[in-house]
>>> print(open('entry_2.cif').read())   # mmCIF, C-alpha atoms
data_data
loop_
_atom_site.label_atom_id
_atom_site.label_comp_id
_atom_site.auth_asym_id
_atom_site.auth_seq_id
_atom_site.Cartn_x
_atom_site.Cartn_y
_atom_site.Cartn_z
CA MET L 198 88.74 99.05 87.83
CA PRO L 199 92.39 98.43 88.81
CA ASP L 200 94.77 101.40 88.76
CA ALA L 201 98.40 101.65 87.63
CA TYR L 202 99.41 99.57 90.66
CA GLY L 203 96.92 96.81 89.86
CA LEU L 204 94.78 97.86 92.82
CA SER L 205 91.12 98.74 93.06
CA MET L 206 89.28 100.96 95.52
CA ALA L 207 85.71 99.75 95.32
CA LEU L 208 84.23 100.84 98.63
CA GLY L 209 80.60 101.31 99.49
CA PRO L 210 79.10 102.38 102.79
CA GLY L 211 79.65 99.87 105.56
CA PRO L 212 82.28 98.36 107.84
CA VAL L 213 85.04 98.11 105.19
CA LEU L 214 84.68 101.80 104.37
CA ASP L 215 84.69 102.66 108.08
CA GLU L 216 87.83 100.58 108.72
CA THR L 217 89.56 102.09 105.70
CA ALA L 218 88.82 105.61 106.94
CA ALA L 219 90.06 104.66 110.43
CA ARG L 220 93.33 103.30 108.94
CA PHE L 221 93.94 106.51 107.00
CA ALA L 222 93.12 108.60 110.08
CA LEU L 223 95.58 106.54 112.12
CA LEU L 224 98.30 107.19 109.54
CA GLY L 225 97.35 110.87 109.25
CA ASP L 226 99.40 111.96 112.25
CA PRO L 227 102.96 113.13 111.43
CA THR L 228 104.43 111.70 114.66
CA ARG L 229 102.89 108.27 114.07
CA LEU L 230 104.06 108.36 110.45
CA HIS L 231 107.60 109.22 111.60
CA LEU L 232 107.62 106.38 114.14
CA LEU L 233 106.32 103.98 111.50
CA SER L 234 109.01 105.14 109.08
CA LEU L 235 111.69 104.51 111.70
CA LEU L 236 110.37 100.99 112.31
CA LEU L 237 110.25 100.22 108.59
CA GLU L 238 113.84 101.44 108.27
CA ARG L 239 115.32 99.89 111.42
CA GLY L 240 113.15 96.89 112.22
CA GLU L 241 112.15 96.10 115.80
CA CYS L 242 113.03 98.87 118.28
CA SER L 243 112.35 99.71 121.91
CA VAL L 244 110.08 102.60 122.83
CA GLY L 245 113.10 104.51 124.17
CA GLU L 246 115.07 104.03 120.96
CA LEU L 247 112.16 105.28 118.90
CA ALA L 248 111.51 108.24 121.20
CA ASP L 249 115.17 109.30 120.97
CA ALA L 250 115.24 108.92 117.18
CA ALA L 251 112.01 110.90 116.79
CA ALA L 252 113.07 113.55 119.36
CA ILE L 253 109.90 113.08 121.42
CA SER L 254 109.25 111.96 124.98
CA THR L 255 109.02 108.27 125.80
CA ALA L 256 105.44 108.77 127.02
CA ASN L 257 104.44 110.44 123.75
CA ALA L 258 106.11 107.71 121.67
CA SER L 259 104.45 105.03 123.77
CA GLN L 260 100.98 106.52 123.21
CA HIS L 261 101.45 106.75 119.44
CA LEU L 262 102.94 103.26 119.19
CA ARG L 263 100.07 101.82 121.20
CA ARG L 264 97.54 103.37 118.81
CA LEU L 265 99.39 101.88 115.83
CA MET L 266 99.39 98.51 117.60
CA LEU L 267 95.68 98.68 118.37
CA GLY L 268 95.11 99.56 114.71
CA GLY L 269 96.80 96.32 113.68
CA ILE L 270 99.87 97.93 112.12
CA LEU L 271 102.40 97.13 114.84
CA GLY L 272 103.08 94.23 117.15
CA ARG L 273 104.91 94.43 120.48
CA ARG L 274 106.77 92.27 122.91
CA ARG L 275 108.07 92.79 126.40
CA ALA L 276 111.59 91.95 127.52
CA GLY L 277 111.91 92.77 131.21
CA SER L 278 111.02 96.44 131.60
CA GLN L 279 111.54 97.17 127.89
CA VAL L 280 108.77 97.16 125.27
CA TYR L 281 109.73 96.52 121.66
CA TYR L 282 107.62 97.30 118.60
CA ARG L 283 107.77 95.93 115.07
CA VAL L 284 105.67 96.29 111.91
CA VAL L 285 103.24 93.38 111.48
CA GLU L 286 100.92 94.74 108.78
CA ARG L 287 102.47 93.29 105.65
CA THR L 288 101.04 95.87 103.22
CA ILE L 289 101.89 99.03 105.14
CA GLU L 290 105.31 99.56 103.56
CA GLN L 291 103.83 99.39 100.07
CA LEU L 292 101.02 101.76 101.05
CA CYS L 293 103.49 104.27 102.49
CA ALA L 294 105.72 103.99 99.41
CA ILE L 295 102.78 104.68 97.07
CA VAL L 296 101.59 107.69 99.06
CA CYS L 297 105.12 109.10 99.51
CA ALA L 298 105.87 108.74 95.79
CA SER L 299 102.63 110.51 94.95
CA VAL L 300 103.42 113.38 97.35
CA GLN L 301 106.96 113.70 95.97
CA ASP L 302 105.62 113.76 92.38
CA ARG L 303 103.11 116.44 93.33
CA ALA L 304 105.83 118.52 95.03
CA ARG L 305 108.00 118.32 91.89
CA LEU L 306 105.08 119.44 89.74
CA LEU L 307 104.39 122.38 92.03
CA VAL L 308 108.03 123.47 91.98
CA THR L 309 108.29 123.29 88.18
CA ALA L 310 104.96 125.11 87.80
CA GLU L 311 106.06 128.12 89.88
CA PRO L 312 106.60 131.28 87.79
CA ASP L 313 110.10 132.77 87.75
CA SER L 314 110.59 135.72 90.06
#
>>> encode(input="entry_2.cif", output="structure tokens")
Amino acid sequence: MPDAYGLSMALGPGPVLDETAARFALLGDPTRLHLLSLLLERGECSVGELADAAAISTANASQHLRRLMLGGILGRRRAGSQVYYRVVERTIEQLCAIVCASVQDRARLLVTAEPDS
């Protein structure tokens, strides 16, 4: 049955369930989520630009970006010695927006539910 977003999550055992779990696992790392957020905000960026913005090493950024690319979320291109990444998965921004809104709603509920000191 579709939810409030008009989406349905009818998954049974099998390859679709496995791929869905792999996608969520891929997005479950805070560094990868931060890099993805930067790309959604800025558009195509070099590995160095993303590493600087995320305050991580270029090697670390490169490893995380490669995993996102192998997972089908990012695309890349080379220009000389530079490697540039961009978001290619068309639904990822909507997925992130839904999850972030849900987390923010939950945080607000927790704050308002706290007893006064």
>>> resolve_selection(input="entry_2.cif", expression="the PyMOL selection byres ((chain L and resi 286) around 10)", output="VMD selection string")
chain L and resid 266 268 to 272 283 to 285 287 to 290
>>> closest_residue(input="entry_2.cif", among="L:Ser259, L:Cys293, L:Gly211, L:Gln279", to="L:Leu233", atoms="all atoms listed in the file")
L:Cys293
>>> closest_residue(input="entry_2.cif", among="L:Gly277, L:Val296, L:Ala248, L:Ser254", to="L:Gly225", atoms="all atoms listed in the file")
L:Val296
>>> atom_distance(input="entry_2.cif", atom1="atom CA of L:Ser278", atom2="atom CA of L:His261")
18.6 Å
>>> atom_distance(input="entry_2.cif", atom1="atom CA of L:Asp226", atom2="atom CA of L:Ala294")
16.4 Å
>>> atom_distance(input="entry_2.cif", atom1="atom CA of L:Ala251", atom2="atom CA of L:Leu237")
13.6 Å
>>> residues_around(input="entry_2.cif", residues="L:Val280", least_positions_apart="5", cutoff="12 Å", atoms="all atoms listed in the file", output="list in words")
Glu241, Cys242, Ser243, Val244, Gly245, Glu246, Leu247, Thr255, Ala258, Ser259, Leu262, Arg263, Gly272, Arg273, Arg274 and Arg275 of chain L
>>> closest_residue(input="entry_2.cif", among="L:Ala252, L:Leu265, L:Val213, L:Ala276", to="L:Arg229", atoms="all atoms listed in the file")
L:Leu265
